[in-house]
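Student: Mind looking over this structure? Questions follow.
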Amino acid sequence: MLITCRSEHTQPAPGLLRFADIDTGPIEIAASQCGLPLDVIDIRDAHARTIYERDLVFVRPDQRVAWHGRALPEDPSAMLDCVRGAQAHA
């Protein structure tokens, strides 16, 4: 599922907001393999977590939320391809 809304957290590269202790290694590896810089930003704030409603939120550099979930996607590479426009989505 692709989500489009604005994030209050800004960064020069795509960012993965992480509100819980979740291993993001698989998505960091997938980002590296496709040449996508990815900042993992740890946020431990209950109010912010309530606003975003998920434990992981992928934010594009233009501050658009492109994906969110309670866990990493089964195929992090496919999700990254979709949100960066390298693959058509259904």
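Simple scheme: letters A, B, ... for chains in structure tokens order, numbers from 1 for residues in each chain, numbers from 1 for ligands in the order shown.
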So which residues of chain A fall under alpha helix (DSSP H) by DSSP, listed as a VMD selection string?
Tutor: chain A and resid 25 to 33 46 to 52 76 to 83
Student: Write out as a compact mmCIF listing (two decimals) with C-alpha atoms, in the first residue's frame the residues lying within 10 Å of range 43-51 of chain A, counting only C-alpha atoms and excluding same-chain residues fewer than 3 positions away.
Tutor:
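File around17.txt, as written:
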```txt
# COMPACT_ATOMS: atom_id res chain seq x y z
CA GLU A 8 6.99 16.90 9.74
CA LEU A 17 11.38 6.71 10.77
CA ARG A 18 11.62 3.95 13.35
CA PHE A 19 9.38 4.23 16.42
CA ALA A 20 10.12 0.75 17.85
CA ASP A 21 13.03 -1.64 18.26
CA VAL A 40 17.21 5.38 9.64
CA ARG A 54 2.85 2.73 12.53
CA ASP A 55 6.25 1.61 13.85
CA LEU A 56 8.05 2.21 10.53
CA VAL A 57 7.46 5.13 8.15
```
Student: If you count only C-alpha atoms, which residues fall within 10 Å of Pro76 in chain A, apart from same-chain ones fewer than 2 positions away, as a PyMOL selection string?
Tutor: chain A and resi 24+26-31+72-74+78-82
Student: May I have the residues from that selection written out with C-alpha atoms, as a PDB file, in the first residue's frame?
Tutor:
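Output below, filename selection31.pdb:
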```pdb
ATOM      1  CA  THR A  24      15.974  -2.530   9.796  1.00  0.00           C
ATOM      2  CA  PRO A  26      17.128  -5.978   5.518  1.00  0.00           C
ATOM      3  CA  ILE A  27      15.804  -2.663   4.185  1.00  0.00           C
ATOM      4  CA  GLU A  28      19.174  -0.968   4.718  1.00  0.00           C
ATOM      5  CA  ILE A  29      20.855  -3.717   2.680  1.00  0.00           C
ATOM      6  CA  ALA A  30      18.192  -3.466  -0.048  1.00  0.00           C
ATOM      7  CA  ALA A  31      18.654   0.318  -0.221  1.00  0.00           C
ATOM      8  CA  LEU A  72       9.313  -4.481   7.448  1.00  0.00           C
ATOM      9  CA  PRO A  73       7.746  -5.515   4.154  1.00  0.00           C
ATOM     10  CA  GLU A  74       8.305  -9.138   3.131  1.00  0.00           C
ATOM     11  CA  ALA A  78      10.257  -4.493  -4.135  1.00  0.00           C
ATOM     12  CA  MET A  79       8.903  -1.829  -1.773  1.00  0.00           C
ATOM     13  CA  LEU A  80      11.896   0.418  -2.416  1.00  0.00           C
ATOM     14  CA  ASP A  81      11.584  -0.096  -6.178  1.00  0.00           C
ATOM     15  CA  CYS A  82       7.929   0.867  -5.979  1.00  0.00           C
TER      16      CYS A  82
END
```
Student: How far is it from CA of Arg70 in chain A to CA of Tyr52 in chain A, in Å with one decimal?
Tutor: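 Straight-line distance from CA of Arg70 in chain A to CA of Tyr52 in chain A works out to 10.7 Å.
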Student: Restricting the calculation to only C-alpha atoms, which member of A:Gly35, A:Val83, A:Gly25, A:Asp42 is positioned closest to Arg60 in chain A?
Tutor: A:Val83
Student: Using only C-alpha atoms, find the one residue out of A:Cys34, A:Ala86, A:Ala66, A:Ile41 that sits nearest to Leu16 in chain A.
Tutor: A:Ile41
Student: Separation of CA of Arg84 in chain A and CA of Pro14 in chain A, in Å?
Tutor: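 Taking CA of Arg84 in chain A and CA of Pro14 in chain A, their separation equals 9.6 Å.
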Student: Just list the residues in chain A DSSP gives strand (DSSP E or B) on the backbone, as a VMD selection string.
Tutor: chain A and resid 6 15 to 18 39 to 42 56 to 59 64 to 69
Student: Output C-alpha atoms of each residue in that selection to a file, as a compact mmCIF listing (two decimals), in the first residue's frame.
Tutor:
```txt
# COMPACT_ATOMS: atom_id res chain seq x y z
CA ARG A 6 3.37 15.12 4.39
CA GLY A 15 14.39 8.34 5.62
CA LEU A 16 12.93 5.47 7.55
CA LEU A 17 11.38 6.71 10.77
CA ARG A 18 11.62 3.95 13.35
CA ASP A 39 18.76 7.38 6.78
CA VAL A 40 17.21 5.38 9.64
CA ILE A 41 15.90 7.88 12.15
CA ASP A 42 15.08 6.56 15.61
CA LEU A 56 8.05 2.21 10.53
CA VAL A 57 7.46 5.13 8.15
CA PHE A 58 9.37 5.65 4.88
CA VAL A 59 9.63 9.37 4.06
CA ARG A 64 5.93 12.65 1.45
CA VAL A 65 5.20 9.47 3.37
CA ALA A 66 5.59 6.76 0.75
CA TRP A 67 5.08 3.67 2.91
CA HIS A 68 4.34 2.71 6.50
CA GLY A 69 3.99 -0.53 8.40
```
